[in-house]
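Input: a single structure, listed below in structure tokens.
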Amino acid sequence: MNNRKDALYAAPLDGEWEKSSFSFGSSDNCVLIMPISGGVAFGDSKARDLDGALRFTDEEMLAHILAVKAGQYDHLIPDGTEL
């Protein structure tokens with residue numbers, strides 16, 4: 001890893017997790033995100049040990065958001081799936 005990624009993975013997860021608005025109601029099947037210094041952490045509500053959360057720099061997160069908005073991953077959504 002590089003220094004920026006090392007710093008992200010060393011950052012404590014002591015903020016508030018936010019649940020995706022696309023998660024289903026009160027289900028435990030949720031994507032969680034937390035802003036951290038220099039980026040964001042992604043967690044899975046089913047994985048109670050959220051120290052294993054994936055972490056992305058601000059630039060990586062922006063690149064991902066722009067790709068999703070541009071439809072780059074639409075081919076991965078099964079036909080007939082409603083969001």
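Ordered as shown in the structure tokens, chains take letters A, B, and onward, while each chain numbers its residues from 1 and ligands are numbered from 1 in the order shown.
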
Contacts between region 4-18 of chain A and region 35-83 of chain A, please, where a residue of region 35-83 of chain A counts if it comes within 10 Å (with only C-alpha atoms); show its shortest atom pair and distance in Å to one decimal, rows by chain and ascending number, as JSON lines.
{"residue": "A:Pro35", "atom": "CA", "partner": "A:Gly15", "partner_atom": "CA", "distance": 7.4}
{"residue": "A:Ile36", "atom": "CA", "partner": "A:Ala11", "partner_atom": "CA", "distance": 7.1}
{"residue": "A:Ser37", "atom": "CA", "partner": "A:Ala11", "partner_atom": "CA", "distance": 7.2}
{"residue": "A:Gly38", "atom": "CA", "partner": "A:Leu8", "partner_atom": "CA", "distance": 6.8}
{"residue": "A:Gly39", "atom": "CA", "partner": "A:Leu8", "partner_atom": "CA", "distance": 7.1}
{"residue": "A:Val40", "atom": "CA", "partner": "A:Leu8", "partner_atom": "CA", "distance": 8.2}
{"residue": "A:Ala41", "atom": "CA", "partner": "A:Leu13", "partner_atom": "CA", "distance": 8.0}
{"residue": "A:Phe42", "atom": "CA", "partner": "A:Trp17", "partner_atom": "CA", "distance": 8.8}
{"residue": "A:Gly43", "atom": "CA", "partner": "A:Trp17", "partner_atom": "CA", "distance": 8.3}
{"residue": "A:Ser45", "atom": "CA", "partner": "A:Trp17", "partner_atom": "CA", "distance": 9.7}
{"residue": "A:Leu50", "atom": "CA", "partner": "A:Leu13", "partner_atom": "CA", "distance": 8.2}
{"residue": "A:Asp51", "atom": "CA", "partner": "A:Leu13", "partner_atom": "CA", "distance": 7.2}
{"residue": "A:Gly52", "atom": "CA", "partner": "A:Tyr9", "partner_atom": "CA", "distance": 9.1}
{"residue": "A:Ala53", "atom": "CA", "partner": "A:Tyr9", "partner_atom": "CA", "distance": 8.8}
{"residue": "A:Leu54", "atom": "CA", "partner": "A:Tyr9", "partner_atom": "CA", "distance": 8.3}
{"residue": "A:Arg55", "atom": "CA", "partner": "A:Leu8", "partner_atom": "CA", "distance": 6.4}
{"residue": "A:Phe56", "atom": "CA", "partner": "A:Leu8", "partner_atom": "CA", "distance": 7.4}
{"residue": "A:Thr57", "atom": "CA", "partner": "A:Lys5", "partner_atom": "CA", "distance": 7.2}

Output for the residues just chosen: C-alpha atoms as a CSV table (one decimal), in the first residue's frame:
chain,number,residue,atom,x,y,z
A,35,PRO,CA,-16.5,9.6,6.5
A,36,ILE,CA,-13.0,9.4,7.8
A,37,SER,CA,-10.0,11.7,7.5
A,38,GLY,CA,-8.9,11.6,3.9
A,39,GLY,CA,-11.6,9.4,2.6
A,40,VAL,CA,-14.5,7.1,3.5
A,41,ALA,CA,-15.0,3.6,5.0
A,42,PHE,CA,-17.5,1.1,3.7
A,43,GLY,CA,-18.9,-1.6,6.0
A,45,SER,CA,-24.1,-4.5,8.6
A,50,LEU,CA,-16.4,-3.3,11.1
A,51,ASP,CA,-12.7,-2.9,11.6
A,52,GLY,CA,-12.4,-4.9,8.4
A,53,ALA,CA,-14.2,-2.1,6.5
A,54,LEU,CA,-12.9,-1.2,3.1
A,55,ARG,CA,-11.5,2.3,2.9
A,56,PHE,CA,-11.2,4.6,-0.1
A,57,THR,CA,-9.4,7.9,-0.6

Next item on the list: Have a look at CA of Ile33 (chain A) and CA of Tyr73 (chain A) and let me know their distance in Å, one decimal.
Entry: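 Those two atoms sit 19.7 Å apart.
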
Next item on the list: Just give me the gap between CA of Lys46 (chain A) and CA of Lys19 (chain A) in Å, one decimal is fine.
Entry: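 Between CA of Lys46 (chain A) and CA of Lys19 (chain A) the gap is 12.3 Å.
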
Check: In chain A, what's strand (DSSP E) per DSSP? Answer as a VMD selection string?
Finding: chain A and resid 18 to 19 31 to 36 39 to 44 54 to 57

Notebook entry, point to check: Restricting the calculation to only C-alpha atoms, which member of A:Phe22, A:Asn3, A:Glu60, A:Cys30 is positioned closest to Glu82 (chain A)?
Noted result: A:Phe22

Next item on the list: Apply DSSP to the backbone of this structure and, from chain A, keep only the residues in helix (DSSP H, G or I); write these as a list in words.
Entry: Asn3, Arg4, Lys5, Asp6, Ala7, Leu8, Tyr9, Ala10, Leu50, Asp51, Gly52, Asp58, Glu59, Glu60, Met61, Leu62, Ala63, His64, Ile65, Leu66, Ala67, Val68, Lys69, Asp74, His75 and Leu76 of chain A
